[in-house]
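Below is my_file_18.cif, holding mmCIF, C-alpha atoms.
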```
data_input
loop_
_atom_site.group_PDB
_atom_site.id
_atom_site.type_symbol
_atom_site.label_atom_id
_atom_site.label_comp_id
_atom_site.auth_asym_id
_atom_site.auth_seq_id
_atom_site.Cartn_x
_atom_site.Cartn_y
_atom_site.Cartn_z
ATOM 1 C CA MET A 1273 -34.007 193.392 -78.743
ATOM 2 C CA ASP A 1274 -36.505 194.511 -81.364
ATOM 3 C CA PHE A 1275 -37.396 198.080 -82.241
ATOM 4 C CA ILE A 1276 -40.537 199.791 -83.495
ATOM 5 C CA ILE A 1277 -39.359 202.867 -85.378
ATOM 6 C CA PHE A 1278 -42.370 205.102 -85.764
ATOM 7 C CA ASP A 1279 -43.430 208.517 -86.948
ATOM 8 C CA LEU A 1280 -46.681 210.400 -86.536
ATOM 9 C CA GLU A 1281 -48.299 213.172 -88.494
ATOM 10 C CA ALA A 1282 -50.764 215.417 -86.709
ATOM 11 C CA THR A 1283 -53.212 218.225 -87.242
ATOM 12 C CA CYS A 1284 -51.341 221.507 -87.518
ATOM 13 C CA TRP A 1285 -51.814 225.154 -88.300
ATOM 14 C CA GLU A 1286 -49.517 227.871 -89.532
ATOM 15 C CA GLY A 1287 -48.145 229.750 -86.527
ATOM 16 C CA ASN A 1288 -48.961 228.816 -82.962
ATOM 17 C CA ILE A 1289 -52.708 228.887 -82.523
ATOM 18 C CA LEU A 1290 -53.491 228.776 -78.823
ATOM 19 C CA GLY A 1291 -56.103 226.325 -77.657
ATOM 20 C CA ARG A 1292 -55.719 223.919 -80.552
ATOM 21 C CA GLU A 1293 -54.410 220.579 -79.452
ATOM 22 C CA GLN A 1294 -52.843 218.491 -82.159
ATOM 23 C CA GLU A 1295 -54.274 215.074 -82.945
ATOM 24 C CA ILE A 1296 -52.649 212.220 -84.804
ATOM 25 C CA ILE A 1297 -53.745 211.905 -88.434
ATOM 26 C CA GLU A 1298 -51.239 209.265 -89.594
ATOM 27 C CA ILE A 1299 -49.139 206.525 -88.002
ATOM 28 C CA GLY A 1300 -46.221 204.926 -89.820
ATOM 29 C CA ALA A 1301 -43.878 202.337 -88.301
ATOM 30 C CA LEU A 1302 -41.290 199.667 -89.068
ATOM 31 C CA HIS A 1303 -40.287 196.618 -87.061
ATOM 32 C CA MET A 1304 -36.501 196.226 -86.935
ATOM 33 C CA ASP A 1305 -34.672 193.451 -85.132
ATOM 34 C CA GLY A 1306 -31.389 193.782 -83.248
ATOM 35 C CA PHE A 1307 -29.434 192.989 -86.415
ATOM 36 C CA GLY A 1308 -31.001 195.861 -88.383
ATOM 37 C CA ASP A 1309 -33.333 193.744 -90.494
ATOM 38 C CA VAL A 1310 -36.816 195.116 -91.157
ATOM 39 C CA PHE A 1311 -39.638 192.598 -90.834
ATOM 40 C CA GLY A 1312 -42.789 194.584 -91.272
ATOM 41 C CA THR A 1313 -44.441 197.943 -91.648
ATOM 42 C CA PHE A 1314 -47.591 199.623 -90.384
ATOM 43 C CA GLN A 1315 -49.362 202.617 -91.897
ATOM 44 C CA SER A 1316 -52.759 204.062 -91.162
ATOM 45 C CA PHE A 1317 -54.536 207.371 -91.412
ATOM 46 C CA VAL A 1318 -56.520 208.496 -88.372
ATOM 47 C CA ARG A 1319 -59.691 210.575 -88.347
ATOM 48 C CA PRO A 1320 -59.287 213.460 -85.854
ATOM 49 C CA VAL A 1321 -62.242 214.392 -83.656
ATOM 50 C CA GLN A 1322 -61.460 217.808 -82.150
ATOM 51 C CA HIS A 1323 -60.522 219.472 -85.433
ATOM 52 C CA PRO A 1324 -61.699 217.100 -88.173
ATOM 53 C CA GLN A 1325 -61.083 219.617 -90.981
ATOM 54 C CA LEU A 1326 -57.378 219.742 -91.886
ATOM 55 C CA SER A 1327 -55.959 223.220 -92.332
ATOM 56 C CA VAL A 1328 -54.592 224.251 -95.709
ATOM 57 C CA TYR A 1329 -51.179 224.488 -94.023
ATOM 58 C CA CYS A 1330 -51.446 220.900 -92.736
ATOM 59 C CA ARG A 1331 -52.521 219.535 -96.112
ATOM 60 C CA ARG A 1332 -49.625 221.312 -97.830
ATOM 61 C CA LEU A 1333 -47.048 220.281 -95.213
ATOM 62 C CA THR A 1334 -48.006 216.615 -95.088
ATOM 63 C CA GLY A 1335 -49.513 216.055 -98.506
ATOM 64 C CA ILE A 1336 -52.399 214.322 -96.741
ATOM 65 C CA ASP A 1337 -55.730 215.029 -98.426
ATOM 66 C CA GLN A 1338 -58.874 215.590 -96.399
ATOM 67 C CA GLN A 1339 -60.499 212.564 -98.037
ATOM 68 C CA TYR A 1340 -57.931 210.221 -96.453
ATOM 69 C CA VAL A 1341 -58.662 211.292 -92.888
ATOM 70 C CA ASP A 1342 -62.406 211.487 -93.565
ATOM 71 C CA ALA A 1343 -62.375 207.842 -94.661
ATOM 72 C CA ALA A 1344 -60.080 206.713 -91.809
ATOM 73 C CA SER A 1345 -61.046 205.041 -88.565
ATOM 74 C CA GLY A 1346 -60.884 206.961 -85.321
ATOM 75 C CA PHE A 1347 -57.843 206.895 -83.056
ATOM 76 C CA ASP A 1348 -59.417 204.375 -80.671
ATOM 77 C CA GLN A 1349 -59.720 201.802 -83.490
ATOM 78 C CA VAL A 1350 -56.386 202.565 -85.188
ATOM 79 C CA ILE A 1351 -54.442 202.349 -81.937
ATOM 80 C CA ILE A 1352 -55.877 198.887 -81.265
ATOM 81 C CA ARG A 1353 -54.616 197.764 -84.685
ATOM 82 C CA PHE A 1354 -51.227 199.433 -84.070
ATOM 83 C CA ARG A 1355 -50.888 197.809 -80.660
ATOM 84 C CA GLN A 1356 -51.846 194.401 -82.112
ATOM 85 C CA TRP A 1357 -49.326 194.887 -84.932
ATOM 86 C CA ILE A 1358 -46.595 195.623 -82.373
ATOM 87 C CA ASP A 1359 -47.543 192.510 -80.378
ATOM 88 C CA ASP A 1360 -47.665 190.347 -83.521
ATOM 89 C CA GLN A 1361 -44.425 191.744 -84.927
ATOM 90 C CA ALA A 1362 -42.144 192.082 -81.971
ATOM 91 C CA GLY A 1363 -43.847 191.429 -78.676
ATOM 92 C CA ASP A 1364 -41.289 193.006 -76.353
ATOM 93 C CA ALA A 1365 -39.929 195.924 -78.386
ATOM 94 C CA VAL A 1366 -38.636 199.423 -77.820
ATOM 95 C CA LEU A 1367 -40.462 202.355 -79.442
ATOM 96 C CA CYS A 1368 -38.156 204.764 -81.294
ATOM 97 C CA SER A 1369 -38.870 208.134 -82.889
ATOM 98 C CA TRP A 1370 -37.069 211.267 -84.031
ATOM 99 C CA GLY A 1371 -37.694 213.558 -81.087
ATOM 100 C CA SER A 1372 -40.011 213.258 -78.137
ATOM 101 C CA LYS A 1373 -42.888 215.048 -79.866
ATOM 102 C CA ASP A 1374 -44.180 211.855 -81.477
ATOM 103 C CA TYR A 1375 -44.217 209.986 -78.173
ATOM 104 C CA THR A 1376 -45.945 212.951 -76.504
ATOM 105 C CA LEU A 1377 -48.558 213.065 -79.291
ATOM 106 C CA LEU A 1378 -49.174 209.356 -78.807
ATOM 107 C CA THR A 1379 -49.638 209.640 -75.035
ATOM 108 C CA ASN A 1380 -51.785 212.778 -75.427
ATOM 109 C CA ASP A 1381 -54.124 211.019 -77.877
ATOM 110 C CA LEU A 1382 -54.355 208.005 -75.575
ATOM 111 C CA GLN A 1383 -55.342 210.374 -72.784
ATOM 112 C CA LEU A 1384 -57.782 212.307 -75.003
ATOM 113 C CA HIS A 1385 -59.594 209.065 -75.830
ATOM 114 C CA ASN A 1386 -59.418 207.716 -72.253
ATOM 115 C CA LEU A 1387 -57.317 204.747 -73.360
ATOM 116 C CA PRO A 1388 -54.710 202.976 -71.220
ATOM 117 C CA GLN A 1389 -51.018 203.771 -71.605
ATOM 118 C CA ASP A 1390 -49.651 200.849 -69.594
ATOM 119 C CA TRP A 1391 -49.053 198.830 -72.785
ATOM 120 C CA LEU A 1392 -46.554 201.340 -74.176
ATOM 121 C CA PRO A 1393 -43.089 199.809 -74.513
ATOM 122 C CA GLU A 1394 -39.859 201.489 -73.472
ATOM 123 C CA TYR A 1395 -38.988 204.514 -75.588
ATOM 124 C CA ILE A 1396 -35.866 205.913 -77.283
ATOM 125 C CA ASP A 1397 -35.676 209.527 -78.420
ATOM 126 C CA ILE A 1398 -33.306 208.978 -81.347
ATOM 127 C CA LYS A 1399 -32.967 212.700 -82.032
ATOM 128 C CA GLN A 1400 -31.734 213.434 -78.509
ATOM 129 C CA GLN A 1401 -29.402 210.452 -78.422
ATOM 130 C CA TYR A 1402 -28.017 211.188 -81.888
ATOM 131 C CA HIS A 1403 -27.197 214.814 -81.068
ATOM 132 C CA ASP A 1404 -25.652 213.772 -77.735
ATOM 133 C CA MET A 1405 -23.611 211.107 -79.532
ATOM 134 C CA ILE A 1406 -22.136 213.537 -82.083
ATOM 135 C CA GLY A 1407 -21.753 216.349 -79.552
ATOM 136 C CA ALA A 1408 -24.053 218.792 -81.357
ATOM 137 C CA ARG A 1409 -25.500 221.663 -79.374
ATOM 138 C CA LYS A 1410 -28.213 222.511 -81.882
ATOM 139 C CA LYS A 1411 -30.670 219.789 -82.793
ATOM 140 C CA ARG A 1412 -31.389 219.435 -86.481
ATOM 141 C CA GLY A 1413 -34.304 217.939 -88.349
ATOM 142 C CA LEU A 1414 -34.189 214.395 -89.686
ATOM 143 C CA LYS A 1415 -33.877 215.367 -93.335
ATOM 144 C CA ARG A 1416 -30.887 217.617 -92.659
ATOM 145 C CA VAL A 1417 -29.169 215.019 -90.474
ATOM 146 C CA LEU A 1418 -29.604 212.397 -93.179
ATOM 147 C CA GLU A 1419 -27.983 214.760 -95.690
ATOM 148 C CA GLN A 1420 -25.056 215.326 -93.302
ATOM 149 C CA GLU A 1421 -24.714 211.567 -92.908
ATOM 150 C CA GLY A 1422 -24.694 211.055 -96.680
ATOM 151 C CA ILE A 1423 -28.024 209.226 -96.591
ATOM 152 C CA PRO A 1424 -30.440 210.287 -99.350
ATOM 153 C CA PHE A 1425 -33.973 210.978 -98.170
ATOM 154 C CA THR A 1426 -36.479 208.898 -100.104
ATOM 155 C CA GLY A 1427 -40.220 209.316 -100.327
ATOM 156 C CA ASP A 1428 -42.259 212.253 -99.093
ATOM 157 C CA HIS A 1429 -41.100 214.293 -96.111
ATOM 158 C CA HIS A 1430 -43.814 214.635 -93.444
ATOM 159 C CA ARG A 1431 -45.469 211.364 -94.377
ATOM 160 C CA ALA A 1432 -45.333 208.974 -91.460
ATOM 161 C CA LEU A 1433 -44.140 205.748 -93.079
ATOM 162 C CA ASP A 1434 -41.617 207.535 -95.322
ATOM 163 C CA ASP A 1435 -40.169 209.448 -92.358
ATOM 164 C CA ALA A 1436 -40.003 206.254 -90.282
ATOM 165 C CA SER A 1437 -38.328 204.407 -93.175
ATOM 166 C CA ASN A 1438 -35.690 207.106 -93.564
ATOM 167 C CA LEU A 1439 -35.137 207.192 -89.805
ATOM 168 C CA SER A 1440 -34.607 203.432 -89.808
ATOM 169 C CA ILE A 1441 -31.591 203.856 -92.112
ATOM 170 C CA LEU A 1442 -29.934 206.233 -89.641
ATOM 171 C CA PHE A 1443 -30.947 203.967 -86.760
ATOM 172 C CA ARG A 1444 -29.363 200.958 -88.465
ATOM 173 C CA LYS A 1445 -26.133 202.893 -89.118
ATOM 174 C CA TYR A 1446 -25.624 203.384 -85.376
ATOM 175 C CA LEU A 1447 -27.458 200.252 -84.243
ATOM 176 C CA ASP A 1448 -25.003 199.331 -81.486
ATOM 177 C CA ARG A 1449 -24.850 202.847 -80.033
ATOM 178 C CA TRP A 1450 -28.454 203.483 -78.968
ATOM 179 C CA MET A 1451 -29.136 203.310 -75.252
ATOM 180 C CA TYR A 1452 -32.404 202.001 -73.849
#
```

Structure translated into structure tokens:
Amino acid sequence: MDFIIFDLEATCWEGNILGREQEIIEIGALHMDGFGDVFGTFQSFVRPVQHPQLSVYCRRLTGIDQQYVDAASGFDQVIIRFRQWIDDQAGDAVLCSWGSKDYTLLTNDLQLHNLPQDWLPEYIDIKQQYHDMIGARKKRGLKRVLEQEGIPFTGDHHRALDDASNLSILFRKYLDRWMY
């Protein structure tokens, strides 16, 4: 079995602003085989349509400058490239992310852009499975879990490919324990 370990960054605002739906602004992913070897990566910025201007909070949190999303393709074009990359890399793979929020963002953006979802592979919520596996009642963020596991976080937190890369190290550590 092959795995697509992915992370998304999305539009965001400080506090909970009602009526503002998040949109994906960056996709980062790695292709890992059943032995834990990584064979490829995918990274792309995405230009949001509902709220094209990133908030100051979002720019600070992610480190993503407005110019990157302004110059990016729209979701409908990026998702075609992402889907093709998955097909080229792994064909029949399982999608994996830290928490269900990324998968929900992905399905919400597909719906927003009236794009099919039937191509989506099976999905593993690594965060849920990890916390179940260790018997933790309170779910912790990826960076904190990596610290507890003695795995140094590398790169920039809240950047899609860096978060996916760090997640892949934890995923590899427990490779034979994930259920799908």

Check which residues satisfy the PyMOL selection byres ((chain A and resi 1390-1406) around 7) in the file shown, then give them as a PyMOL selection string. chain A and resi 1365-1372+1388-1389+1407-1408+1411+1452

Each residue of region 1339-1366 of chain A with at least one atom at most 10 Å from region 1294-1315 of chain A should appear once, together with its nearest atom pair and the corresponding distance in Å (one decimal); atoms considered: all atoms listed in the file; ordering: chain, then increasing residue number; output as a Markdown table.
```
| residue | atom | partner | partner_atom | distance |
| --- | --- | --- | --- | --- |
| A:Tyr1340 | CA | A:Ile1297 | CA | 9.2 |
| A:Val1341 | CA | A:Ile1297 | CA | 6.7 |
| A:Ala1344 | CA | A:Ile1297 | CA | 8.9 |
| A:Gly1346 | CA | A:Ile1297 | CA | 9.2 |
| A:Phe1347 | CA | A:Ile1296 | CA | 7.6 |
| A:Val1350 | CA | A:Ile1299 | CA | 8.7 |
| A:Ile1351 | CA | A:Ile1299 | CA | 9.1 |
| A:Arg1353 | CA | A:Phe1314 | CA | 9.2 |
| A:Phe1354 | CA | A:Phe1314 | CA | 7.3 |
| A:Trp1357 | CA | A:Phe1314 | CA | 7.4 |
| A:Ile1358 | CA | A:His1303 | CA | 7.9 |
| A:Gln1361 | CA | A:His1303 | CA | 6.7 |
| A:Ala1362 | CA | A:His1303 | CA | 7.1 |
| A:Ala1365 | CA | A:His1303 | CA | 8.7 |
| A:Val1366 | CA | A:His1303 | CA | 9.8 |
```

Run the PyMOL selection byres ((chain A and resi 1292) around 12) mentally over the shown coordinates, then write out the matched residues as an mmCIF file with C-alpha atoms, keeping the file's coordinate frame, using the chain letters and numbers from the document.
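Listing of expr-v5.cif after writing:
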```cif
data_model
loop_
_atom_site.group_PDB
_atom_site.id
_atom_site.type_symbol
_atom_site.label_atom_id
_atom_site.label_comp_id
_atom_site.auth_asym_id
_atom_site.auth_seq_id
_atom_site.Cartn_x
_atom_site.Cartn_y
_atom_site.Cartn_z
ATOM 1 C CA ALA A 1282 -50.764 215.417 -86.709
ATOM 2 C CA THR A 1283 -53.212 218.225 -87.242
ATOM 3 C CA CYS A 1284 -51.341 221.507 -87.518
ATOM 4 C CA TRP A 1285 -51.814 225.154 -88.300
ATOM 5 C CA GLU A 1286 -49.517 227.871 -89.532
ATOM 6 C CA GLY A 1287 -48.145 229.750 -86.527
ATOM 7 C CA ASN A 1288 -48.961 228.816 -82.962
ATOM 8 C CA ILE A 1289 -52.708 228.887 -82.523
ATOM 9 C CA LEU A 1290 -53.491 228.776 -78.823
ATOM 10 C CA GLY A 1291 -56.103 226.325 -77.657
ATOM 11 C CA GLU A 1293 -54.410 220.579 -79.452
ATOM 12 C CA GLN A 1294 -52.843 218.491 -82.159
ATOM 13 C CA GLU A 1295 -54.274 215.074 -82.945
ATOM 14 C CA VAL A 1321 -62.242 214.392 -83.656
ATOM 15 C CA GLN A 1322 -61.460 217.808 -82.150
ATOM 16 C CA HIS A 1323 -60.522 219.472 -85.433
ATOM 17 C CA PRO A 1324 -61.699 217.100 -88.173
ATOM 18 C CA SER A 1327 -55.959 223.220 -92.332
#
```

Closest to Leu1439 (chain A) among A:Asp1364, A:Asp1342, A:Asp1279, A:Glu1419, using only C-alpha atoms? A:Asp1279

Atomic separation - CA of Asp1381 (chain A) relative to CA of Gln1339 (chain A), Å: 21.2 Å

I want to know what sits within 8 Å of region 1421-1429 of chain A, based on all atoms listed in the file, with residues of the same chain fewer than 5 positions away left out; could you give that as a PyMOL selection string? chain A and resi 1334+1415+1434-1435+1438+1441-1442

For a quick check of understanding, using only C-alpha atoms, which of A:Met1451, A:Leu1387, A:Val1417, A:Ile1276 has the smallest distance to Ser1437 (chain A)? A:Ile1276

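Interatomic distance, CA of Trp1450 (chain A) against CA of Ile1277 (chain A): 12.7 Å.
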
Incomplete region 1324-1349 of chain A filled out to N, CA and C atoms as a compact mmCIF listing (two decimals), in the coordinates of the input:
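Final output, rebuild.txt:
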```txt
# COMPACT_ATOMS: atom_id res chain seq x y z
N PRO A 1324 -61.66 218.07 -87.07
CA PRO A 1324 -61.70 217.10 -88.17
C PRO A 1324 -61.32 217.68 -89.54
N GLN A 1325 -61.42 218.99 -89.70
CA GLN A 1325 -61.08 219.62 -90.98
C GLN A 1325 -59.60 220.01 -90.95
N LEU A 1326 -58.80 219.41 -91.83
CA LEU A 1326 -57.38 219.74 -91.89
C LEU A 1326 -57.19 221.16 -92.43
N SER A 1327 -56.26 221.87 -91.84
CA SER A 1327 -55.96 223.22 -92.33
C SER A 1327 -55.25 223.12 -93.68
N VAL A 1328 -55.31 224.19 -94.43
CA VAL A 1328 -54.59 224.25 -95.71
C VAL A 1328 -53.11 224.04 -95.45
N TYR A 1329 -52.59 224.65 -94.39
CA TYR A 1329 -51.18 224.49 -94.02
C TYR A 1329 -50.84 223.01 -93.78
N CYS A 1330 -51.68 222.32 -93.05
CA CYS A 1330 -51.45 220.90 -92.74
C CYS A 1330 -51.47 220.05 -94.00
N ARG A 1331 -52.44 220.30 -94.87
CA ARG A 1331 -52.52 219.54 -96.11
C ARG A 1331 -51.30 219.77 -96.99
N ARG A 1332 -50.83 221.01 -97.03
CA ARG A 1332 -49.62 221.31 -97.83
C ARG A 1332 -48.38 220.69 -97.22
N LEU A 1333 -48.23 220.80 -95.90
CA LEU A 1333 -47.05 220.28 -95.21
C LEU A 1333 -46.93 218.77 -95.35
N THR A 1334 -48.04 218.08 -95.13
CA THR A 1334 -48.01 216.62 -95.09
C THR A 1334 -48.34 215.96 -96.42
N GLY A 1335 -49.04 216.67 -97.27
CA GLY A 1335 -49.51 216.06 -98.51
C GLY A 1335 -50.68 215.12 -98.27
N ILE A 1336 -51.26 215.18 -97.08
CA ILE A 1336 -52.40 214.32 -96.74
C ILE A 1336 -53.69 215.05 -97.11
N ASP A 1337 -54.46 214.45 -97.99
CA ASP A 1337 -55.73 215.03 -98.43
C ASP A 1337 -56.82 214.77 -97.39
N GLN A 1338 -57.75 215.70 -97.34
CA GLN A 1338 -58.87 215.59 -96.40
C GLN A 1338 -59.62 214.27 -96.56
N GLN A 1339 -59.75 213.80 -97.79
CA GLN A 1339 -60.50 212.56 -98.04
C GLN A 1339 -59.90 211.36 -97.32
N TYR A 1340 -58.58 211.36 -97.13
CA TYR A 1340 -57.93 210.22 -96.45
C TYR A 1340 -58.31 210.16 -94.98
N VAL A 1341 -58.30 211.31 -94.31
CA VAL A 1341 -58.66 211.29 -92.89
C VAL A 1341 -60.17 211.14 -92.70
N ASP A 1342 -60.95 211.66 -93.65
CA ASP A 1342 -62.41 211.49 -93.56
C ASP A 1342 -62.79 210.01 -93.65
N ALA A 1343 -62.07 209.26 -94.47
CA ALA A 1343 -62.38 207.84 -94.66
C ALA A 1343 -61.70 206.94 -93.62
N ALA A 1344 -60.84 207.51 -92.78
CA ALA A 1344 -60.08 206.71 -91.81
C ALA A 1344 -60.91 206.38 -90.57
N SER A 1345 -60.46 205.38 -89.87
CA SER A 1345 -61.05 205.04 -88.56
C SER A 1345 -60.57 206.05 -87.53
N GLY A 1346 -61.28 206.09 -86.43
CA GLY A 1346 -60.88 206.96 -85.32
C GLY A 1346 -59.66 206.42 -84.60
N PHE A 1347 -59.06 207.26 -83.78
CA PHE A 1347 -57.84 206.90 -83.06
C PHE A 1347 -58.04 205.63 -82.23
N ASP A 1348 -59.19 205.53 -81.55
CA ASP A 1348 -59.42 204.38 -80.67
C ASP A 1348 -59.35 203.05 -81.43
N GLN A 1349 -59.80 203.03 -82.69
CA GLN A 1349 -59.72 201.80 -83.49
C GLN A 1349 -58.33 201.59 -84.09
```
